[in-house]
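Peer 1: The file below is start.pdb, PDB, C-alpha atoms:
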ATOM      1  CA  MET Q  29       7.121   9.381   5.256  1.00  0.00           C
ATOM      2  CA  THR Q  30       7.982   6.937   2.564  1.00  0.00           C
ATOM      3  CA  THR Q  31       7.635   6.343  -1.127  1.00  0.00           C
ATOM      4  CA  ILE Q  32       5.714   3.428  -2.542  1.00  0.00           C
ATOM      5  CA  VAL Q  33       4.683   3.256  -6.180  1.00  0.00           C
ATOM      6  CA  ALA Q  34       2.898   0.609  -8.194  1.00  0.00           C
ATOM      7  CA  VAL Q  35       2.200   0.280 -11.897  1.00  0.00           C
ATOM      8  CA  GLN Q  36      -0.753  -1.609 -13.368  1.00  0.00           C
ATOM      9  CA  SER Q  37      -0.241  -3.238 -16.770  1.00  0.00           C
ATOM     10  CA  ASP Q  38      -2.192  -5.730 -18.861  1.00  0.00           C
ATOM     11  CA  ASP Q  39       0.010  -8.515 -17.459  1.00  0.00           C
ATOM     12  CA  GLY Q  40      -0.196  -7.584 -13.754  1.00  0.00           C
ATOM     13  CA  VAL Q  41       1.377  -5.146 -11.322  1.00  0.00           C
ATOM     14  CA  LEU Q  42       4.841  -4.051 -10.241  1.00  0.00           C
ATOM     15  CA  PHE Q  43       5.527  -2.419  -6.870  1.00  0.00           C
ATOM     16  CA  GLY Q  44       8.566  -0.489  -5.711  1.00  0.00           C
ATOM     17  CA  ALA Q  45       9.306   1.002  -2.298  1.00  0.00           C
ATOM     18  CA  ASP Q  46      12.117   2.723  -0.496  1.00  0.00           C
ATOM     19  CA  SER Q  47      13.462   1.247   2.715  1.00  0.00           C
ATOM     20  CA  GLN Q  48      13.719   4.247   5.044  1.00  0.00           C
ATOM     21  CA  VAL Q  49      11.538   4.241   8.152  1.00  0.00           C
ATOM     22  CA  THR Q  50      11.371   7.560   9.990  1.00  0.00           C
ATOM     23  CA  ALA Q  51       9.926   7.862  13.495  1.00  0.00           C
ATOM     24  CA  ALA Q  52       7.818  10.812  14.590  1.00  0.00           C
ATOM     25  CA  ASN Q  53      10.888  12.221  16.378  1.00  0.00           C
ATOM     26  CA  GLY Q  54      12.853  12.190  13.093  1.00  0.00           C
ATOM     27  CA  ARG Q  55      15.017   9.179  13.908  1.00  0.00           C
ATOM     28  CA  LYS Q  56      15.729   6.922  10.904  1.00  0.00           C
ATOM     29  CA  TYR Q  57      15.448   3.154  11.148  1.00  0.00           C
ATOM     30  CA  SER Q  58      16.630   0.531   8.720  1.00  0.00           C
ATOM     31  CA  ALA Q  59      16.110  -3.197   9.171  1.00  0.00           C
ATOM     32  CA  THR Q  60      15.459  -5.844   6.559  1.00  0.00           C
ATOM     33  CA  ARG Q  61      12.479  -7.197   8.511  1.00  0.00           C
ATOM     34  CA  MET Q  62      10.707  -3.809   8.500  1.00  0.00           C
ATOM     35  CA  VAL Q  63       9.209  -4.114   5.030  1.00  0.00           C
ATOM     36  CA  LYS Q  64       6.761  -1.775   3.346  1.00  0.00           C
ATOM     37  CA  ILE Q  65       5.505  -4.391   0.878  1.00  0.00           C
ATOM     38  CA  CYS Q  66       4.471  -7.936   1.763  1.00  0.00           C
ATOM     39  CA  GLU Q  67       2.529 -10.852   0.358  1.00  0.00           C
ATOM     40  CA  ARG Q  68      -0.318 -12.343   2.406  1.00  0.00           C
ATOM     41  CA  ASN Q  69      -2.986 -14.793   1.339  1.00  0.00           C
ATOM     42  CA  GLY Q  70      -2.585 -13.994  -2.383  1.00  0.00           C
ATOM     43  CA  TYR Q  71      -2.502 -10.227  -1.825  1.00  0.00           C
ATOM     44  CA  ILE Q  72       0.344  -7.755  -2.079  1.00  0.00           C
ATOM     45  CA  ILE Q  73      -0.041  -5.158   0.680  1.00  0.00           C
ATOM     46  CA  ALA Q  74       2.050  -1.985   0.634  1.00  0.00           C
ATOM     47  CA  GLY Q  75       1.645   0.518   3.437  1.00  0.00           C
ATOM     48  CA  SER Q  76       2.781   3.994   4.344  1.00  0.00           C
ATOM     49  CA  GLY Q  77       2.102   6.276   7.274  1.00  0.00           C
ATOM     50  CA  GLU Q  78       1.844   5.230  10.901  1.00  0.00           C
ATOM     51  CA  CYS Q  79       3.553   1.940  11.683  1.00  0.00           C
ATOM     52  CA  ALA Q  80       0.705   0.448  13.746  1.00  0.00           C
ATOM     53  CA  PRO Q  81      -1.912   0.168  10.954  1.00  0.00           C
ATOM     54  CA  CYS Q  82       0.760  -0.999   8.509  1.00  0.00           C
ATOM     55  CA  ASP Q  83       1.931  -3.672  10.966  1.00  0.00           C
ATOM     56  CA  ILE Q  84      -1.633  -4.847  11.553  1.00  0.00           C
ATOM     57  CA  ALA Q  85      -2.458  -5.011   7.835  1.00  0.00           C
ATOM     58  CA  GLN Q  86       0.799  -6.674   6.872  1.00  0.00           C
ATOM     59  CA  HIS Q  87       1.391  -9.071   9.772  1.00  0.00           C
ATOM     60  CA  ILE Q  88      -1.905  -9.801  11.537  1.00  0.00           C
ATOM     61  CA  TRP Q  89      -4.763  -9.354   9.046  1.00  0.00           C
ATOM     62  CA  LEU Q  90      -5.727 -12.398   7.024  1.00  0.00           C
ATOM     63  CA  PRO Q  91      -7.441 -10.996   3.901  1.00  0.00           C
ATOM     64  CA  PRO Q  92     -10.470 -12.868   2.563  1.00  0.00           C
ATOM     65  CA  ILE Q  93     -10.044 -15.188  -0.411  1.00  0.00           C
ATOM     66  CA  PRO Q  94     -12.272 -14.251  -3.349  1.00  0.00           C
ATOM     67  CA  THR Q  95     -14.666 -16.803  -4.821  1.00  0.00           C
ATOM     68  CA  ALA Q  96     -14.937 -17.335  -8.576  1.00  0.00           C
ATOM     69  CA  LYS Q  97     -17.907 -14.917  -8.554  1.00  0.00           C
ATOM     70  CA  ASP Q  98     -15.895 -12.315  -6.573  1.00  0.00           C
ATOM     71  CA  LYS Q  99     -13.057 -12.464  -9.112  1.00  0.00           C
ATOM     72  CA  LYS Q 100     -15.431 -11.149 -11.802  1.00  0.00           C
ATOM     73  CA  ASP Q 101     -15.656  -7.793  -9.984  1.00  0.00           C
ATOM     74  CA  LEU Q 102     -12.678  -7.307  -7.670  1.00  0.00           C
ATOM     75  CA  TYR Q 103     -13.547  -3.639  -7.072  1.00  0.00           C
ATOM     76  CA  HIS Q 104     -16.894  -4.672  -5.554  1.00  0.00           C
ATOM     77  CA  PHE Q 105     -15.172  -7.484  -3.629  1.00  0.00           C
ATOM     78  CA  MET Q 106     -12.737  -4.968  -2.148  1.00  0.00           C
ATOM     79  CA  ILE Q 107     -15.590  -2.706  -1.010  1.00  0.00           C
ATOM     80  CA  ALA Q 108     -17.960  -5.427   0.186  1.00  0.00           C
ATOM     81  CA  LYS Q 109     -15.568  -7.922   1.800  1.00  0.00           C
ATOM     82  CA  VAL Q 110     -11.966  -6.754   2.006  1.00  0.00           C
ATOM     83  CA  ILE Q 111     -12.516  -3.347   3.614  1.00  0.00           C
ATOM     84  CA  PRO Q 112     -14.943  -4.686   6.278  1.00  0.00           C
ATOM     85  CA  SER Q 113     -12.418  -7.431   7.066  1.00  0.00           C
ATOM     86  CA  LEU Q 114      -9.579  -4.905   7.412  1.00  0.00           C
ATOM     87  CA  LYS Q 115     -11.716  -2.606   9.591  1.00  0.00           C
ATOM     88  CA  GLN Q 116     -12.587  -5.535  11.852  1.00  0.00           C
ATOM     89  CA  CYS Q 117      -8.924  -6.487  12.183  1.00  0.00           C
ATOM     90  CA  PHE Q 118      -8.064  -2.920  13.186  1.00  0.00           C
ATOM     91  CA  LYS Q 119     -10.876  -2.991  15.759  1.00  0.00           C
ATOM     92  CA  ASP Q 120      -9.781  -6.401  17.092  1.00  0.00           C
ATOM     93  CA  ASN Q 121      -6.269  -5.010  17.574  1.00  0.00           C
ATOM     94  CA  ASP Q 122      -7.409  -1.748  19.230  1.00  0.00           C
ATOM     95  CA  TYR Q 123      -6.352   0.551  16.385  1.00  0.00           C
ATOM     96  CA  LYS Q 124      -8.546   3.592  15.827  1.00  0.00           C
ATOM     97  CA  VAL Q 125      -8.067   6.313  13.233  1.00  0.00           C
ATOM     98  CA  ASN Q 126      -8.182   9.726  14.904  1.00  0.00           C
ATOM     99  CA  PRO Q 127     -10.704  11.786  12.864  1.00  0.00           C
ATOM    100  CA  ASP Q 128      -9.473  15.017  14.494  1.00  0.00           C
ATOM    101  CA  ASP Q 129      -5.906  14.526  13.250  1.00  0.00           C
ATOM    102  CA  ASP Q 130      -5.122  16.488  10.086  1.00  0.00           C
ATOM    103  CA  GLU Q 131      -2.271  14.128   9.173  1.00  0.00           C
ATOM    104  CA  THR Q 132      -2.917  11.028   7.099  1.00  0.00           C
ATOM    105  CA  ALA Q 133      -2.681   8.037   9.422  1.00  0.00           C
ATOM    106  CA  PHE Q 134      -2.033   5.470   6.687  1.00  0.00           C
ATOM    107  CA  SER Q 135      -2.367   4.708   2.996  1.00  0.00           C
ATOM    108  CA  PHE Q 136      -2.224   1.321   1.332  1.00  0.00           C
ATOM    109  CA  ILE Q 137      -1.826   0.049  -2.174  1.00  0.00           C
ATOM    110  CA  ILE Q 138      -3.205  -3.453  -2.375  1.00  0.00           C
ATOM    111  CA  ALA Q 139      -2.925  -5.836  -5.315  1.00  0.00           C
ATOM    112  CA  LEU Q 140      -5.137  -8.845  -5.831  1.00  0.00           C
ATOM    113  CA  HIS Q 141      -4.999 -11.041  -8.921  1.00  0.00           C
ATOM    114  CA  GLY Q 142      -2.894  -8.430 -10.700  1.00  0.00           C
ATOM    115  CA  GLU Q 143      -5.242  -5.490 -10.029  1.00  0.00           C
ATOM    116  CA  LEU Q 144      -4.337  -2.429  -7.926  1.00  0.00           C
ATOM    117  CA  PHE Q 145      -6.454  -0.631  -5.329  1.00  0.00           C
ATOM    118  CA  GLU Q 146      -5.398   2.429  -3.343  1.00  0.00           C
ATOM    119  CA  ILE Q 147      -6.879   2.571   0.165  1.00  0.00           C
ATOM    120  CA  ALA Q 148      -6.984   5.802   2.188  1.00  0.00           C
ATOM    121  CA  ASP Q 149      -7.248   6.032   5.974  1.00  0.00           C
ATOM    122  CA  ASP Q 150     -10.995   6.631   5.657  1.00  0.00           C
ATOM    123  CA  PHE Q 151     -11.108   3.197   3.936  1.00  0.00           C
ATOM    124  CA  SER Q 152     -12.110   4.677   0.598  1.00  0.00           C
ATOM    125  CA  ILE Q 153     -10.833   2.872  -2.489  1.00  0.00           C
ATOM    126  CA  SER Q 154      -9.402   4.750  -5.450  1.00  0.00           C
ATOM    127  CA  LEU Q 155      -8.641   3.496  -8.940  1.00  0.00           C
ATOM    128  CA  ASP Q 156      -6.634   5.307 -11.616  1.00  0.00           C
ATOM    129  CA  ASP Q 157      -6.913   4.613 -15.345  1.00  0.00           C
ATOM    130  CA  SER Q 158      -3.326   5.823 -15.804  1.00  0.00           C
ATOM    131  CA  GLY Q 159      -2.186   2.673 -14.010  1.00  0.00           C
ATOM    132  CA  PHE Q 160       0.137   4.675 -11.731  1.00  0.00           C
ATOM    133  CA  TYR Q 161      -0.360   4.535  -7.985  1.00  0.00           C
ATOM    134  CA  GLY Q 162       1.665   6.024  -5.168  1.00  0.00           C
ATOM    135  CA  VAL Q 163       1.499   6.616  -1.435  1.00  0.00           C
ATOM    136  CA  GLY Q 164       3.816   8.307   1.010  1.00  0.00           C
ATOM    137  CA  SER Q 165       5.626  11.612   1.235  1.00  0.00           C
ATOM    138  CA  GLY Q 166       7.676  11.121  -1.946  1.00  0.00           C
ATOM    139  CA  SER Q 167       4.923   9.597  -4.062  1.00  0.00           C
ATOM    140  CA  SER Q 168       4.093  12.805  -5.969  1.00  0.00           C
ATOM    141  CA  TYR Q 169       7.676  12.995  -7.217  1.00  0.00           C
ATOM    142  CA  ALA Q 170       7.618   9.332  -8.206  1.00  0.00           C
ATOM    143  CA  ILE Q 171       4.235   9.483  -9.953  1.00  0.00           C
ATOM    144  CA  GLY Q 172       5.321  12.567 -11.875  1.00  0.00           C
ATOM    145  CA  ALA Q 173       8.453  10.719 -12.964  1.00  0.00           C
ATOM    146  CA  LEU Q 174       6.388   7.720 -14.069  1.00  0.00           C
ATOM    147  CA  HIS Q 175       4.149   9.975 -16.161  1.00  0.00           C
ATOM    148  CA  ALA Q 176       7.297  11.418 -17.758  1.00  0.00           C
ATOM    149  CA  GLY Q 177       8.413   7.925 -18.802  1.00  0.00           C
ATOM    150  CA  ALA Q 178      10.678   6.853 -15.933  1.00  0.00           C
ATOM    151  CA  THR Q 179      10.916   3.261 -14.761  1.00  0.00           C
ATOM    152  CA  ILE Q 180       9.837   2.468 -11.209  1.00  0.00           C
ATOM    153  CA  GLU Q 181      13.479   2.379 -10.097  1.00  0.00           C
ATOM    154  CA  GLN Q 182      14.162   5.756 -11.725  1.00  0.00           C
ATOM    155  CA  ALA Q 183      10.986   7.180 -10.169  1.00  0.00           C
ATOM    156  CA  LEU Q 184      12.069   6.036  -6.692  1.00  0.00           C
ATOM    157  CA  THR Q 185      15.513   7.536  -7.226  1.00  0.00           C
ATOM    158  CA  ILE Q 186      13.930  10.863  -8.192  1.00  0.00           C
ATOM    159  CA  ALA Q 187      11.733  10.713  -5.084  1.00  0.00           C
ATOM    160  CA  ALA Q 188      14.768   9.930  -2.895  1.00  0.00           C
ATOM    161  CA  ASN Q 189      16.630  12.904  -4.366  1.00  0.00           C
ATOM    162  CA  ASN Q 190      13.741  15.240  -3.516  1.00  0.00           C
ATOM    163  CA  ASP Q 191      12.137  13.831  -0.366  1.00  0.00           C
ATOM    164  CA  ALA Q 192      14.048  13.667   2.928  1.00  0.00           C
ATOM    165  CA  PHE Q 193      11.938  10.726   4.081  1.00  0.00           C
ATOM    166  CA  THR Q 194      12.791   8.458   1.117  1.00  0.00           C
ATOM    167  CA  SER Q 195      16.020   6.539   0.539  1.00  0.00           C
ATOM    168  CA  ALA Q 196      17.483   3.440  -1.079  1.00  0.00           C
ATOM    169  CA  PRO Q 197      17.827   0.539  -1.125  1.00  0.00           C
ATOM    170  CA  PHE Q 198      14.643  -0.031  -3.074  1.00  0.00           C
ATOM    171  CA  ILE Q 199      12.478  -3.109  -2.883  1.00  0.00           C
ATOM    172  CA  PHE Q 200      10.470  -4.500  -5.813  1.00  0.00           C
ATOM    173  CA  ILE Q 201       7.705  -7.094  -6.026  1.00  0.00           C
ATOM    174  CA  ASP Q 202       5.347  -8.097  -8.810  1.00  0.00           C
ATOM    175  CA  GLN Q 203       2.131 -10.056  -9.280  1.00  0.00           C
ATOM    176  CA  GLU Q 204       0.806 -11.488 -12.518  1.00  0.00           C
ATOM    177  CA  LYS Q 205      -2.842 -11.438 -13.519  1.00  0.00           C
TER     178      LYS Q 205
END
Write the structure described by the file as structure tokens, please.

Peer 2:
Amino acid sequence: MTTIVAVQSDDGVLFGADSQVTAANGRKYSATRMVKICERNGYIIAGSGECAPCDIAQHIWLPPIPTAKDKKDLYHFMIAKVIPSLKQCFKDNDYKVNPDDDETAFSFIIALHGELFEIADDFSISLDDSGFYGVGSGSSYAIGALHAGATIEQALTIAANNDAFTSAPFIFIDQEK
């Protein structure tokens, strides 16, 4: 119930997110401290879905720092070190994904050293050669807009116009390679 998009370029990444938080009962929340994108330990972490896993990933988890060797293959580093670290943090904080629930519990877009990785609630990592990434209920609108040539801000506006769970103000953050 959100819209987060990120664009990968040769120079780095740019994230954009809406600021609406909607509870399971439909109540809307808005507070400047309830962010959907944060920076931690050299990472940008953007999360959508249930608040608990997003809070853990963005406020408690301390992501591992890659070595010089790790930086040569960040995809492998994400699989071999980052995901196990995130899983352990969830376990340490008593968060369990319910495999019987048909709803997506969470989705993350994580940037490290200017590279994007999309993480699903089964902890799989996806990459996209288009350079466009999106999570949340309005992300399909936003990704479609990006493919049609829209800027991130225009894409978020389009998502907000079409998705009841997305609204301004929008937040932007970037990371250089």

Peer 1: Could I get the residues of range 90-182 of chain Q with an atom no further than 7 Å from an atom of range 60-79 of chain Q, each paired with its nearest atom pair and that distance in Å to one decimal, using only C-alpha atoms, sorted by chain and residue number, as a Markdown table?

Peer 2:
| residue | atom | partner | partner_atom | distance |
| --- | --- | --- | --- | --- |
| Q:Leu90 | CA | Q:Asn69 | CA | 6.8 |
| Q:Pro91 | CA | Q:Asn69 | CA | 6.4 |
| Q:Thr132 | CA | Q:Gly77 | CA | 6.9 |
| Q:Ala133 | CA | Q:Glu78 | CA | 5.5 |
| Q:Phe134 | CA | Q:Gly77 | CA | 4.3 |
| Q:Ser135 | CA | Q:Ser76 | CA | 5.4 |
| Q:Phe136 | CA | Q:Gly75 | CA | 4.5 |
| Q:Ile137 | CA | Q:Ala74 | CA | 5.2 |
| Q:Ile138 | CA | Q:Ile73 | CA | 4.7 |
| Q:Ala139 | CA | Q:Ile72 | CA | 5.0 |
| Q:Leu140 | CA | Q:Tyr71 | CA | 5.0 |
| Q:Val163 | CA | Q:Ser76 | CA | 6.5 |
| Q:Gly164 | CA | Q:Ser76 | CA | 5.5 |

Peer 1: Mind pulling up the distance from CA of Ala176 in chain Q to CA of Ala192 in chain Q?

Peer 2: 21.9 Å

Peer 1: Which residue, Q:Asp191, Q:Asp38, Q:Glu181, Q:Asp83, has the smallest gap to Leu144 in chain Q when you use only C-alpha atoms?

Peer 2: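 Using only C-alpha atoms, Leu144 in chain Q sits closest to Q:Asp38.
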
Peer 1: So which residues touch Phe193 in chain Q within 12 Å, counting all atoms listed in the file, skipping near sequence neighbours fewer than 4 positions away, as a list in words?

Peer 2: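 Contacts, in chain order: Met29, Thr30, Thr31, Ile32, Ala45, Asp46, Ser47, Gln48, Val49, Thr50, Ala51, Ala52, Gly54, Arg55, Lys56, Tyr57, Ser76, Gly77, Gly164, Ser165, Gly166, Ser167, Leu184, Ala187, Ala188 and Asn189 of chain Q.
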
Peer 1: Using only C-alpha atoms, which of the listed residues (Q:Gly142, Q:Ala148, Q:Thr194, Q:Asp156) sits closest to Asp39 in chain Q?

Peer 2: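 That would be Q:Gly142, the residue with the smallest distance to Asp39 in chain Q.
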
Peer 1: To one decimal in Å, tell me the separation between CA of Gln36 in chain Q and CA of Cys117 in chain Q.

Peer 2: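 Between these atoms lies a distance of 27.3 Å.
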
Peer 1: Give me, please, the distance in Å between CA of His175 in chain Q and CA of Leu42 in chain Q, quoted to one decimal.

Peer 2: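 Distance between the two atoms: 15.2 Å.
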
Peer 1: List the spatial neighbours of Leu174 in chain Q as a list of chain:residue names - criterion: any atom at most 10 Å away, all atoms listed in the file, same-chain residues fewer than 3 positions off excluded.

Peer 2: Q:Val33, Q:Ala34, Q:Val35, Q:Gly159, Q:Phe160, Q:Tyr161, Q:Ser168, Q:Tyr169, Q:Ala170, Q:Ile171, Q:Gly177, Q:Ala178, Q:Thr179, Q:Ile180, Q:Glu181, Q:Gln182, Q:Ala183, Q:Leu184

Peer 1: Selected by the PyMOL selection byres ((chain Q and resi 103) around 12) in the shown coordinates: which residues, as a PyMOL selection string?

Peer 2: chain Q and resi 94+98-102+104-111+138-141+143-147+152-155

Peer 1: Atoms to include: C-alpha atoms. Write the selected residues as a short mmCIF file (atom, residue, chain, number, x, y, z; two decimals), keeping the file's coordinate frame.

Peer 2:
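The file below, part_22.cif, is the result:
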data_model
loop_
_atom_site.label_atom_id
_atom_site.label_comp_id
_atom_site.auth_asym_id
_atom_site.auth_seq_id
_atom_site.Cartn_x
_atom_site.Cartn_y
_atom_site.Cartn_z
CA PRO Q 94 -12.27 -14.25 -3.35
CA ASP Q 98 -15.90 -12.32 -6.57
CA LYS Q 99 -13.06 -12.46 -9.11
CA LYS Q 100 -15.43 -11.15 -11.80
CA ASP Q 101 -15.66 -7.79 -9.98
CA LEU Q 102 -12.68 -7.31 -7.67
CA HIS Q 104 -16.89 -4.67 -5.55
CA PHE Q 105 -15.17 -7.48 -3.63
CA MET Q 106 -12.74 -4.97 -2.15
CA ILE Q 107 -15.59 -2.71 -1.01
CA ALA Q 108 -17.96 -5.43 0.19
CA LYS Q 109 -15.57 -7.92 1.80
CA VAL Q 110 -11.97 -6.75 2.01
CA ILE Q 111 -12.52 -3.35 3.61
CA ILE Q 138 -3.20 -3.45 -2.38
CA ALA Q 139 -2.92 -5.84 -5.32
CA LEU Q 140 -5.14 -8.85 -5.83
CA HIS Q 141 -5.00 -11.04 -8.92
CA GLU Q 143 -5.24 -5.49 -10.03
CA LEU Q 144 -4.34 -2.43 -7.93
CA PHE Q 145 -6.45 -0.63 -5.33
CA GLU Q 146 -5.40 2.43 -3.34
CA ILE Q 147 -6.88 2.57 0.16
CA SER Q 152 -12.11 4.68 0.60
CA ILE Q 153 -10.83 2.87 -2.49
CA SER Q 154 -9.40 4.75 -5.45
CA LEU Q 155 -8.64 3.50 -8.94
#

Peer 1: Could you check the closest approach to Ala173 in chain Q for each of Q:Ser37, Q:Ser158, Q:Ser113, Q:Thr185 and tell me which residue wins, using all atoms listed in the file?

Peer 2: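 Closest to Ala173 in chain Q, using all atoms listed in the file: Q:Thr185.
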
Peer 1: Restricting the calculation to all atoms listed in the file, which member of Q:Ser195, Q:Asn53, Q:Asn121, Q:Gln116 is positioned closest to Ala80 in chain Q?

Peer 2: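 Looking only at the distances to Ala80 in chain Q, the closest residue turns out to be Q:Asn121.
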
Peer 1: Kindly indicate which residue among Q:Phe198, Q:Trp89, Q:Gln203, Q:Thr95 lies nearest to Lys115 in chain Q, using only C-alpha atoms for the distances.

Peer 2: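 The shortest atom-to-atom distance to Lys115 in chain Q comes from Q:Trp89.
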
Peer 1: So which residues touch Asp202 in chain Q within 8 Å, counting all atoms listed in the file, skipping near sequence neighbours fewer than 3 positions away, as a ChimeraX atom specification?

Peer 2: /Q:40-43

Peer 1: Which residue gives the smallest distance to Pro112 in chain Q among Q:His87, Q:Asn190, Q:Phe151, Q:Lys97, with only C-alpha atoms counted?

Peer 2: Q:Phe151

Peer 1: N, CA, C and O atoms are what I want for range 37-52 of chain Q; can you complete it accordingly and write them as an mmCIF file, in the coordinates of the input?

Peer 2:
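Once everything was written out, this is rebuild_32.cif:
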data_model
loop_
_atom_site.group_PDB
_atom_site.id
_atom_site.type_symbol
_atom_site.label_atom_id
_atom_site.label_comp_id
_atom_site.auth_asym_id
_atom_site.auth_seq_id
_atom_site.Cartn_x
_atom_site.Cartn_y
_atom_site.Cartn_z
ATOM 1 N N SER Q 37 -0.356 -2.983 -15.331
ATOM 2 C CA SER Q 37 -0.241 -3.238 -16.770
ATOM 3 C C SER Q 37 -1.222 -4.338 -17.145
ATOM 4 O O SER Q 37 -1.900 -4.898 -16.276
ATOM 5 N N ASP Q 38 -1.298 -4.661 -18.421
ATOM 6 C CA ASP Q 38 -2.192 -5.730 -18.861
ATOM 7 C C ASP Q 38 -1.790 -7.084 -18.287
ATOM 8 O O ASP Q 38 -2.616 -7.976 -18.153
ATOM 9 N N ASP Q 39 -0.509 -7.240 -17.955
ATOM 10 C CA ASP Q 39 0.010 -8.515 -17.459
ATOM 11 C C ASP Q 39 -0.053 -8.653 -15.939
ATOM 12 O O ASP Q 39 0.091 -9.746 -15.408
ATOM 13 N N GLY Q 40 -0.191 -7.541 -15.214
ATOM 14 C CA GLY Q 40 -0.196 -7.584 -13.754
ATOM 15 C C GLY Q 40 0.265 -6.270 -13.173
ATOM 16 O O GLY Q 40 0.032 -5.206 -13.746
ATOM 17 N N VAL Q 41 0.949 -6.348 -12.035
ATOM 18 C CA VAL Q 41 1.377 -5.146 -11.322
ATOM 19 C C VAL Q 41 2.832 -5.274 -10.897
ATOM 20 O O VAL Q 41 3.338 -6.375 -10.689
ATOM 21 N N LEU Q 42 3.479 -4.120 -10.762
ATOM 22 C CA LEU Q 42 4.841 -4.051 -10.241
ATOM 23 C C LEU Q 42 4.874 -2.972 -9.176
ATOM 24 O O LEU Q 42 4.429 -1.850 -9.408
ATOM 25 N N PHE Q 43 5.387 -3.335 -7.998
ATOM 26 C CA PHE Q 43 5.527 -2.419 -6.870
ATOM 27 C C PHE Q 43 6.996 -2.079 -6.671
ATOM 28 O O PHE Q 43 7.867 -2.916 -6.905
ATOM 29 N N GLY Q 44 7.240 -0.881 -6.166
ATOM 30 C CA GLY Q 44 8.566 -0.489 -5.711
ATOM 31 C C GLY Q 44 8.419 0.375 -4.472
ATOM 32 O O GLY Q 44 7.475 1.150 -4.356
ATOM 33 N N ALA Q 45 9.350 0.217 -3.542
ATOM 34 C CA ALA Q 45 9.306 1.002 -2.298
ATOM 35 C C ALA Q 45 10.712 1.308 -1.845
ATOM 36 O O ALA Q 45 11.652 0.558 -2.117
ATOM 37 N N ASP Q 46 10.840 2.419 -1.142
ATOM 38 C CA ASP Q 46 12.117 2.723 -0.496
ATOM 39 C C ASP Q 46 12.189 1.925 0.796
ATOM 40 O O ASP Q 46 11.247 1.201 1.142
ATOM 41 N N SER Q 47 13.306 2.045 1.499
ATOM 42 C CA SER Q 47 13.462 1.247 2.715
ATOM 43 C C SER Q 47 13.650 2.081 3.976
ATOM 44 O O SER Q 47 13.891 1.532 5.043
ATOM 45 N N GLN Q 48 13.525 3.392 3.867
ATOM 46 C CA GLN Q 48 13.719 4.247 5.044
ATOM 47 C C GLN Q 48 12.458 4.276 5.896
ATOM 48 O O GLN Q 48 11.360 4.476 5.394
ATOM 49 N N VAL Q 49 12.627 4.082 7.195
ATOM 50 C CA VAL Q 49 11.538 4.241 8.152
ATOM 51 C C VAL Q 49 11.942 5.386 9.069
ATOM 52 O O VAL Q 49 13.033 5.375 9.642
ATOM 53 N N THR Q 50 11.069 6.384 9.183
ATOM 54 C CA THR Q 50 11.371 7.560 9.990
ATOM 55 C C THR Q 50 10.346 7.674 11.110
ATOM 56 O O THR Q 50 9.143 7.718 10.855
ATOM 57 N N ALA Q 51 10.810 7.725 12.328
ATOM 58 C CA ALA Q 51 9.926 7.862 13.495
ATOM 59 C C ALA Q 51 9.418 9.303 13.591
ATOM 60 O O ALA Q 51 9.962 10.217 12.969
ATOM 61 N N ALA Q 52 8.397 9.483 14.402
ATOM 62 C CA ALA Q 52 7.818 10.812 14.590
ATOM 63 C C ALA Q 52 8.848 11.815 15.108
ATOM 64 O O ALA Q 52 8.764 13.005 14.826
#
